[in-house]
2 protein chains.
Amino acid sequence: MSAETRTGGYQVVGTRPIRHDALDKVTGRALYGADVHLPGTVYGKVARSPHAHAIIRSIDTREAEAMPGVLAVITAKDLPSLTDKLAQLGESVVNLRDLSANVLAPKKVLYHGHPVAAVCAVSTHVAEEAVKRIQVDYEVLPAVLDVLEAMKEGSPLLHQDLKTHSMGKTAEKPSNVASHFQWKLGDVEKGFAKAEVVVERSFRTATVHQGYIEPHNTTARWNPDGSVTIWCSTQGPFAIRSQLSEVLKLPVSKIKVIPMEIGGGFGAKFPLYVHPLAAVLAKKVGRPVKMTLSRVEELLATGPAPGSYLWAKMGATRDGRLVAAQAKLVYEAGAYPGSAVGAGGLCIFSPYHIENTLIDGYDVVVNKARSSAYRAPGATNAAFASETLIDEICEKLKMDPIEFRLKNAAKEGDPRADGPKHPKIGCRETMEAARNHPHYRSALGGKFRGRGVASGFWINGGGQSSAVANVMSDGTVSLIEGSPDIGGTRTTAAMQIAEVLGLRAEEVNPMVVDTDTIGYTDGTGGSRTTFATGLAAIEAGRDILCQMKERAAKLFELPVEDVEHADGEFRNRKDPKKTLTFKAIAEQMGQTGGPIVGRATVQPGGVGPAFATHVVDVEVDPDTGKVTILRYTAVQDAGKAIHPSYVEGQMQGGVVQGIGWALNEEFIYDEQGRMLNSSFLDYRMPTALDLPMIDTVIVEVPNPGHPYGVRGVGEVPIVPPPAALANAIYHAIGVRIPDLPMSPRRILEALGKA
Amino acid sequence: MSAETRTGGYQVVGTRPIRHDALDKVTGRALYGADVHLPGTVYGKVARSPHAHAIIRSIDTREAEAMPGVLAVITAKDLPSLTDKLAQLGESVVNLRDLSANVLAPKKVLYHGHPVAAVCAVSTHVAEEAVKRIQVDYEVLPAVLDVLEAMKEGSPLLHQDLKTHSMGKTAEKPSNVASHFQWKLGDVEKGFAKAEVVVERSFRTATVHQGYIEPHNTTARWNPDGSVTIWCSTQGPFAIRSQLSEVLKLPVSKIKVIPMEIGGGFGAKFPLYVHPLAAVLAKKVGRPVKMTLSRVEELLATGPAPGSYLWAKMGATRDGRLVAAQAKLVYEAGAYPGSAVGAGGLCIFSPYHIENTLIDGYDVVVNKARSSAYRAPGATNAAFASETLIDEICEKLKMDPIEFRLKNAAKEGDPRADGPKHPKIGCRETMEAARNHPHYRSALGGKFRGRGVASGFWINGGGQSSAVANVMSDGTVSLIEGSPDIGGTRTTAAMQIAEVLGLRAEEVNPMVVDTDTIGYTDGTGGSRTTFATGLAAIEAGRDILCQMKERAAKLFELPVEDVEHADGEFRNRKDPKKTLTFKAIAEQMGQTGGPIVGRATVQPGGVGPAFATHVVDVEVDPDTGKVTILRYTAVQDAGKAIHPSYVEGQMQGGVVQGIGWALNEEFIYDEQGRMLNSSFLDYRMPTALDLPMIDTVIVEVPNPGHPYGVRGVGEVPIVPPPAALANAIYHAIGVRIPDLPMSPRRILEALGKA
């Protein structure tokens, strides 16, 4: 990695060109998973459990198989049996047996919607009808949906063989607690002893969904040579490949994943769902099989963000210094272990320098769909607790909430609660920008109005990326990458190589290709893409420059050392008037040694974390409990905004999702654990009519680990909203609501009116 | 380029694995141009001239346009007007105005089948009907089809502004002779003075077609941003791109050519035909346009191999040494300049060391379709003359024809007639192998039987190639290349990188991708692909090895200098028992620095020419004139046969095409210049029933310009057959037939029976 980090004077970085995929997307020509139509395609549908917890006594598929038009029915027996083994798949560790069992339940169903069989037929309608004719004999078991209930001795056990891992040890008896961790910094008891103000509270957050527009989909072709081709909507084509490799017991090179355009993911488009079912059905019937989830299936049986129980306690001195903080985080894993509780623990106190902290985290299985990542996974739940408590401390100390935060703001070298020290960060700068914003200095006025502040942290990701760049003879470049484009990442990668090469953004043609055509590239997630794939693009550009210098040297008839590249030109150092443009060298490639192709693979270490501070004004209707957002300002450190419009878009999108999480969204279950609101009519996401314009302020504290200072920007904006809104609602109505969503019902309850 | 040229001890090179595209091709899943089906596709057809030579007075398209289902009609006015300028496009120099005028005639039609308009309609049938309703008012001109006629003063002129270029000068008056060259070596007059035997003769060869199975096709999409996507069957996707760039006046980066699988090309799938018509129609109608030629259109209006007139004279001493040779080659360019006469001149005497040579070549336009390349373009015509004369000399000297050839065989350092000296070649070795073959020593027996021998030379091509290779975590590699696969080149490139990396051929997955995804790569032609794209694959493999050595060094905890790669393993030089396999390093990529991607671009100089000697036995039926081929043995220097089966396949295919050219194939025209036999019923190509098994002998004289010694193999096998057959027929019936094809009619004429 180059140590050179520029802070200004860019030609392309920081500008706002039209995105390369804009035209295809606005004209409807962009191809999404549902647009894949192979000759001979047949259609798959999934039979799902109506019970939240049950033993599968038997499955009778005969009636379904006998239906005209039905080509095949599969159950878990048709999947290779996998052993109970942890595997690193992409960015996460997965138990292979769980991975397969979630795709098709082998013996027990663990949540309402758990797949038990899959059908393939000549049409989706026939497949849907056939699904209804699959007879499953269930022995229904009591379900447990609440993490605290699930932790209790005597609670229904989801897995008879699941034993708590805690601090390097495994418990003897089975439990629903999959794991427990504890992180200590300093001495929290001594810390609290020094504190002059101590607050503590329990919180709950509901299970919520990412709510992407495009449902999961897969078209699979099982080729006669035993290889498999998969077209799908995914954030991580290589992650889908590696998971499929395990579930289907095929080498990765036998699986080609072709990522289509993606209609939203937010972390949820990494796991396997119908992919292996489509593949196995395709093998059975010898034809391509296409499967697309309905919205009901999406809400029932893909990975929501975990609901959680949190308890936290924070202490400060009278002069406003945080001296101790403690938290207990209990996150729903859903049916199989693996919630984002670790990331929650890592984020909960990270915007602050607190010498004494103690964090306990619990990953607890419950009879809900296996949880999945959702934009800064785990951090939003955690910040809801800590940022509410900070507001309480500020109230007690009668201190301005931003001034208090500034007094305690984390800076470079401060240790995080999980150990590592912060690198160069822009925590303080976001708080200062929020404090100085006209919004924060504006009068609020009116009854039932309140202003809330919250900060948030996200660690951001690095990972592995590859890029190849081909120089065209007309002086443009095609950029081949493996990162599905979410939020304009095709363009941000293109802009970075354009900057290196002295080209305009439009002179780079970025393309996202399949898993055979580009080197390994981690998925588009963890706010890593503009950072790491961007870095790969930069390095591929530098590789081109090296080759171009050699060509220039040949044309100048000079040793290559005498050629320099500056201001987009190649110059003869000895006679700086002699210059060659990029275009001139590109035109002469064929006469100076042949094609020029740059390539890079990166696995960068210098990830720059992200901080955000949000300010929100609300008005609460005391009669209906409805919260109206009057004004919202999101401040965030982008390191360097490659394309400011897309950074703003990410900030606005994150805030909106955080508002939905805060005010309305929740999975509602009946007593048997059946989800009651699996549609967008009943699962209430905010619409444009519910929202004001979200103001954004981009702060730029360059990340020294990236040549242009890039930090990931996609995730941290979802972290502060619930806490900021909770604080605003408190200041509006004088009552703290510790549970998400702060729906009209809860507000009325808090006002004693429900 | 590495000087290291291995001669043996290969693991993969020289073996015969199943080709990577075999399964797709035998199961029908391989996608050819006709398999492209885009949503909303409409269909184009071409209106063609019924006259060989005429002025277009006017075109009335109204009736066609008024037809229900007709969406657009275009004429030459709809193409950008181009100036009369020579441009280097891919491997050849083309006059841009001619390039466009051949696609759609602007003012004059120059051959029967010349496109005058194109129609786009909702179906091919409607388009075909509309084509009939286009009214063209022609002023018919006299046509000239014979090159000698065309050269005469007063002959109808095809182009009023075409003036002969000769030896650096341009004539004052217009002519049908586009160009003339003359190459001298030594003093041919003095040479003939020394000769004790001199023979001379005139020859004619007919216009013939490559006869590939799959007709030309294009699906074009004109995108709203002004870019164009082209799916087509082509040997040169980058050549199609550069030609389209000129004809459509678009930058190359605005054109993406997606090469489909190709059902044969033999040199004829480089030029533009319907590609720009489909593109312009697509722009007009805003929908994808698909155009596929019929067989009639293929034979009428794509580029056949030029017919030719040849005169040659050779002289030898009584002891059998060639001392002088002279030739005049007159080739049909077809409607626009640019026949392969230069290559004919270059090849005619090249198998021999002759101190005194004089070669004159003439490129002459006639009212036939613009000629195109056909497998060793120009060389077959030329060798028909020279190899017949050599047989006559041998007869006069009573020398064995192979012994005579051996006595005069060209060797390294001998000058070619066009100047350059031969590099290391296997000319002598192929002659020796033919002499030593059981076939040559077998008795022929029987009446009307004869044995013929001929040798041939082809220069082979180098050009530019790119390759990218992605290492998979399971220890396999995907190989991305830009060379359309003809004759198994995907596999021969894969085998070469497999050899470098110590993998099996099956562990490399080769893919041919579009012009945006891979760096510039010249087309599959000139017998360059296994040589140059293979070299790119080798270099990409070496790039991988370098990176892998670094990873091994990291794992060994050693400096990289202490790691060596041998026998497919990475070894600690200091402790050779410590080894790491390719697979082991591949599995650990993610822990040692990220993905590994190799890339290479090459423009190799060390092209190795190809030589062949063929022996054929025939029996002539004196009553019907039918020639039965009793036995055929083709000997050829492959340098190193990467996949011997494919070399044998190329040899057999080339021989069969040469047999067709020799015995039956010819374009037949009426007096007005209209082609009379534009179907495969009337244009007689040999079938399996016409042929014996073609025996092949691969000689391997490694080319020092390639790490494994590869020479191109695809073209030279078509060079000797007509001459070998002519010699065999002479020895069978005692009469020399100097004109191709030596059809039953000509044989009977020669026997005085016609």
# chains A, B, ... in the order shown; residues from 1 in each chain; ligands from 1
$ interface_residues --of "chain B" --to "chain A" --cutoff "6 Å" --atoms "only C-alpha atoms" --output "ChimeraX atom specification"
/B:464,470,478,516,519-520,593-595,597,601-603
$ select_by_dssp --residues "range 443-567 of chain A" --states "strand (DSSP E or B)" --output "PyMOL selection string"
chain A and resi 449-458+465-471+477-481+508-512+563-566
$ residues_around --residues "Gly488 in chain B" --least-positions-apart "3" --cutoff "7 Å" --atoms "only C-alpha atoms" --output "PyMOL selection string"
chain B and resi 19+485+491-492+646
$ write_last_selection --atoms "N, CA, C and O atoms" --output "CSV table (one decimal), in the first residue's frame"
chain,number,residue,atom,x,y,z
B,19,ARG,N,-11.3,-31.9,-25.3
B,19,ARG,CA,-11.4,-30.4,-25.4
B,19,ARG,C,-12.4,-29.9,-24.5
B,19,ARG,O,-13.5,-30.5,-24.2
B,485,ASP,N,-12.5,-19.6,-30.6
B,485,ASP,CA,-11.9,-20.9,-30.6
B,485,ASP,C,-12.2,-21.6,-31.9
B,485,ASP,O,-13.3,-22.0,-32.2
B,491,THR,N,-8.4,-25.1,-25.9
B,491,THR,CA,-7.7,-26.1,-25.2
B,491,THR,C,-6.2,-26.0,-25.3
B,491,THR,O,-5.4,-26.2,-24.3
B,492,THR,N,-5.7,-25.6,-26.5
B,492,THR,CA,-4.2,-25.5,-26.6
B,492,THR,C,-3.7,-24.4,-25.8
B,492,THR,O,-2.5,-24.5,-25.3
B,646,TYR,N,-5.5,-32.3,-32.5
B,646,TYR,CA,-6.0,-31.1,-33.2
B,646,TYR,C,-5.0,-30.7,-34.3
B,646,TYR,O,-5.5,-30.2,-35.3
$ residues_around --residues "Ile255 in chain A" --least-positions-apart "4" --cutoff "7 Å" --atoms "only C-alpha atoms" --output "VMD selection string"
chain A and resid 227 to 229 241
$ write_last_selection --atoms "C-alpha atoms" --output "mmCIF file, in the first residue's frame"
data_model
loop_
_atom_site.group_PDB
_atom_site.id
_atom_site.type_symbol
_atom_site.label_atom_id
_atom_site.label_comp_id
_atom_site.auth_asym_id
_atom_site.auth_seq_id
_atom_site.Cartn_x
_atom_site.Cartn_y
_atom_site.Cartn_z
ATOM 1 C CA SER A 227 -20.525 -28.168 -13.156
ATOM 2 C CA VAL A 228 -23.169 -25.700 -12.092
ATOM 3 C CA THR A 229 -23.973 -22.231 -13.382
ATOM 4 C CA ARG A 241 -19.979 -19.931 -4.748
#
$ residues_around --residues "Asp567 in chain B" --least-positions-apart "6" --cutoff "12 Å" --atoms "only C-alpha atoms" --output "tab-separated table (two decimals) with all heavy atoms, in the first residue's frame"
chain	number	residue	atom	x	y	z
B	9	GLY	N	9.92	-33.97	-22.11
B	9	GLY	CA	9.66	-34.02	-20.68
B	9	GLY	C	8.44	-33.21	-20.27
B	9	GLY	O	8.35	-32.77	-19.14
B	10	TYR	N	7.51	-33.04	-21.20
B	10	TYR	CA	6.31	-32.30	-20.85
B	10	TYR	C	5.31	-33.19	-20.13
B	10	TYR	O	5.26	-34.40	-20.34
B	10	TYR	CB	5.65	-31.75	-22.13
B	10	TYR	CG	6.49	-30.73	-22.84
B	10	TYR	CD1	7.05	-31.02	-24.08
B	10	TYR	CD2	6.70	-29.48	-22.28
B	10	TYR	CE1	7.80	-30.07	-24.75
B	10	TYR	CE2	7.46	-28.53	-22.95
B	10	TYR	CZ	8.02	-28.83	-24.18
B	10	TYR	OH	8.76	-27.90	-24.83
B	11	GLN	N	4.51	-32.53	-19.30
B	11	GLN	CA	3.44	-33.26	-18.62
B	11	GLN	C	2.12	-33.14	-19.37
B	11	GLN	O	1.32	-34.06	-19.38
B	11	GLN	CB	3.25	-32.69	-17.20
B	11	GLN	CG	4.49	-32.81	-16.32
B	11	GLN	CD	4.94	-34.24	-16.16
B	11	GLN	OE1	4.13	-35.12	-15.85
B	11	GLN	NE2	6.22	-34.51	-16.37
B	499	GLU	N	0.79	-26.54	-18.39
B	499	GLU	CA	2.18	-27.03	-18.38
B	499	GLU	C	3.05	-26.14	-17.48
B	499	GLU	O	3.84	-26.65	-16.68
B	499	GLU	CB	2.74	-27.02	-19.81
B	499	GLU	CG	4.14	-27.60	-19.95
B	499	GLU	CD	4.14	-29.12	-19.79
B	499	GLU	OE1	3.26	-29.80	-20.35
B	499	GLU	OE2	5.04	-29.62	-19.06
B	500	VAL	N	2.88	-24.85	-17.60
B	500	VAL	CA	3.68	-23.92	-16.78
B	500	VAL	C	3.41	-24.13	-15.30
B	500	VAL	O	4.32	-24.10	-14.47
B	500	VAL	CB	3.32	-22.45	-17.13
B	500	VAL	CG1	4.03	-21.49	-16.19
B	500	VAL	CG2	3.69	-22.14	-18.57
B	501	LEU	N	2.14	-24.35	-14.98
B	501	LEU	CA	1.75	-24.36	-13.56
B	501	LEU	C	1.78	-25.75	-12.95
B	501	LEU	O	1.54	-25.90	-11.75
B	501	LEU	CB	0.34	-23.77	-13.42
B	501	LEU	CG	0.19	-22.30	-13.87
B	501	LEU	CD1	-1.26	-21.87	-13.77
B	501	LEU	CD2	1.08	-21.38	-13.05
B	502	GLY	N	2.06	-26.76	-13.77
B	502	GLY	CA	2.06	-28.12	-13.23
B	502	GLY	C	0.66	-28.63	-12.95
B	502	GLY	O	0.44	-29.43	-12.05
B	503	LEU	N	-0.33	-28.15	-13.71
B	503	LEU	CA	-1.71	-28.59	-13.56
B	503	LEU	C	-2.07	-29.54	-14.70
B	503	LEU	O	-1.37	-29.61	-15.70
B	503	LEU	CB	-2.67	-27.40	-13.60
B	503	LEU	CG	-2.47	-26.33	-12.52
B	503	LEU	CD1	-3.45	-25.17	-12.75
B	503	LEU	CD2	-2.68	-26.93	-11.14
B	579	THR	N	8.15	-28.63	0.86
B	579	THR	CA	7.51	-28.28	-0.41
B	579	THR	C	6.08	-27.83	-0.18
B	579	THR	O	5.47	-28.16	0.84
B	579	THR	CB	7.50	-29.48	-1.37
B	579	THR	OG1	6.72	-30.51	-0.77
B	579	THR	CG2	8.89	-29.99	-1.68
B	580	LEU	N	5.60	-27.09	-1.12
B	580	LEU	CA	4.19	-26.68	-1.12
B	580	LEU	C	3.66	-26.92	-2.53
B	580	LEU	O	4.31	-26.56	-3.51
B	580	LEU	CB	4.06	-25.20	-0.79
B	580	LEU	CG	4.12	-24.80	0.68
B	580	LEU	CD1	4.35	-23.30	0.80
B	580	LEU	CD2	2.85	-25.20	1.41
B	581	THR	N	2.49	-27.52	-2.62
B	581	THR	CA	1.90	-27.72	-3.94
B	581	THR	C	1.19	-26.44	-4.37
B	581	THR	O	0.91	-25.55	-3.56
B	581	THR	CB	0.86	-28.85	-3.92
B	581	THR	OG1	-0.17	-28.48	-3.00
B	581	THR	CG2	1.48	-30.16	-3.49
B	582	PHE	N	0.90	-26.38	-5.67
B	582	PHE	CA	0.10	-25.29	-6.22
B	582	PHE	C	-1.22	-25.20	-5.45
B	582	PHE	O	-1.65	-24.12	-5.04
B	582	PHE	CB	-0.17	-25.61	-7.70
B	582	PHE	CG	-0.89	-24.52	-8.44
B	582	PHE	CD1	-0.17	-23.53	-9.10
B	582	PHE	CD2	-2.28	-24.47	-8.47
B	582	PHE	CE1	-0.83	-22.52	-9.79
B	582	PHE	CE2	-2.94	-23.46	-9.16
B	582	PHE	CZ	-2.22	-22.48	-9.81
$ decode --residues "range 738-749 of chain A" --atoms "all heavy atoms" --output "compact mmCIF listing (two decimals), in the first residue's frame"
# COMPACT_ATOMS: atom_id res chain seq x y z
N PRO A 738 -37.85 2.59 25.95
CA PRO A 738 -36.64 1.78 25.79
C PRO A 738 -36.81 0.63 24.80
O PRO A 738 -35.90 -0.18 24.66
CB PRO A 738 -36.40 1.25 27.20
CG PRO A 738 -37.77 1.10 27.77
CD PRO A 738 -38.64 2.16 27.13
N ASP A 739 -37.96 0.58 24.12
CA ASP A 739 -38.19 -0.55 23.22
C ASP A 739 -38.45 -0.07 21.80
O ASP A 739 -39.20 0.88 21.60
CB ASP A 739 -39.41 -1.36 23.69
CG ASP A 739 -39.20 -1.97 25.07
OD1 ASP A 739 -38.03 -2.16 25.47
OD2 ASP A 739 -40.21 -2.22 25.75
N LEU A 740 -37.85 -0.79 20.87
CA LEU A 740 -38.11 -0.52 19.45
C LEU A 740 -39.11 -1.54 18.93
O LEU A 740 -39.04 -2.71 19.32
CB LEU A 740 -36.81 -0.60 18.63
CG LEU A 740 -35.73 0.41 18.96
CD1 LEU A 740 -34.57 0.26 17.98
CD2 LEU A 740 -36.26 1.83 18.99
N PRO A 741 -39.99 -1.13 18.03
CA PRO A 741 -40.15 0.23 17.50
C PRO A 741 -40.94 1.12 18.46
O PRO A 741 -41.76 0.64 19.23
CB PRO A 741 -40.93 0.01 16.21
CG PRO A 741 -41.77 -1.20 16.49
CD PRO A 741 -40.92 -2.07 17.36
N MET A 742 -40.65 2.40 18.38
CA MET A 742 -41.39 3.39 19.18
C MET A 742 -42.63 3.76 18.37
O MET A 742 -42.80 4.87 17.89
CB MET A 742 -40.49 4.60 19.44
CG MET A 742 -39.26 4.19 20.27
SD MET A 742 -38.03 5.51 20.45
CE MET A 742 -37.34 5.63 18.83
N SER A 743 -43.49 2.77 18.27
CA SER A 743 -44.67 2.88 17.41
C SER A 743 -45.72 3.74 18.12
O SER A 743 -45.63 3.99 19.33
CB SER A 743 -45.21 1.48 17.16
OG SER A 743 -45.48 0.85 18.41
N PRO A 744 -46.70 4.17 17.38
CA PRO A 744 -47.78 4.95 18.01
C PRO A 744 -48.33 4.25 19.26
O PRO A 744 -48.57 4.90 20.28
CB PRO A 744 -48.82 5.04 16.89
CG PRO A 744 -48.00 5.06 15.63
CD PRO A 744 -46.86 4.12 15.92
N ARG A 745 -48.50 2.95 19.20
CA ARG A 745 -49.01 2.22 20.36
C ARG A 745 -48.10 2.41 21.57
O ARG A 745 -48.55 2.73 22.66
CB ARG A 745 -49.12 0.72 20.01
CG ARG A 745 -49.65 -0.14 21.14
CD ARG A 745 -49.79 -1.61 20.71
NE ARG A 745 -48.52 -2.23 20.32
CZ ARG A 745 -47.61 -2.70 21.18
NH1 ARG A 745 -47.81 -2.62 22.49
NH2 ARG A 745 -46.49 -3.25 20.73
N ARG A 746 -46.80 2.27 21.36
CA ARG A 746 -45.86 2.39 22.49
C ARG A 746 -45.83 3.82 23.01
O ARG A 746 -45.67 4.06 24.20
CB ARG A 746 -44.45 1.99 22.06
CG ARG A 746 -44.27 0.50 21.95
CD ARG A 746 -43.04 0.03 22.75
NE ARG A 746 -42.98 -1.44 22.75
CZ ARG A 746 -42.50 -2.17 21.74
NH1 ARG A 746 -42.02 -1.57 20.67
NH2 ARG A 746 -42.49 -3.48 21.84
N ILE A 747 -45.92 4.78 22.08
CA ILE A 747 -45.91 6.19 22.50
C ILE A 747 -47.14 6.48 23.36
O ILE A 747 -47.06 7.11 24.43
CB ILE A 747 -45.89 7.12 21.26
CG1 ILE A 747 -44.66 6.81 20.39
CG2 ILE A 747 -46.01 8.59 21.68
CD1 ILE A 747 -43.62 7.86 20.27
N LEU A 748 -48.27 5.97 22.89
CA LEU A 748 -49.50 6.18 23.68
C LEU A 748 -49.39 5.50 25.03
O LEU A 748 -49.79 6.06 26.07
CB LEU A 748 -50.72 5.68 22.90
CG LEU A 748 -51.09 6.51 21.66
CD1 LEU A 748 -52.28 5.89 20.94
CD2 LEU A 748 -51.39 7.98 22.03
N GLU A 749 -48.82 4.30 25.05
CA GLU A 749 -48.58 3.61 26.32
C GLU A 749 -47.70 4.45 27.23
O GLU A 749 -47.99 4.63 28.42
CB GLU A 749 -47.89 2.26 26.07
CG GLU A 749 -48.84 1.15 25.65
CD GLU A 749 -48.09 -0.13 25.22
OE1 GLU A 749 -46.83 -0.16 25.35
OE2 GLU A 749 -48.76 -1.06 24.76
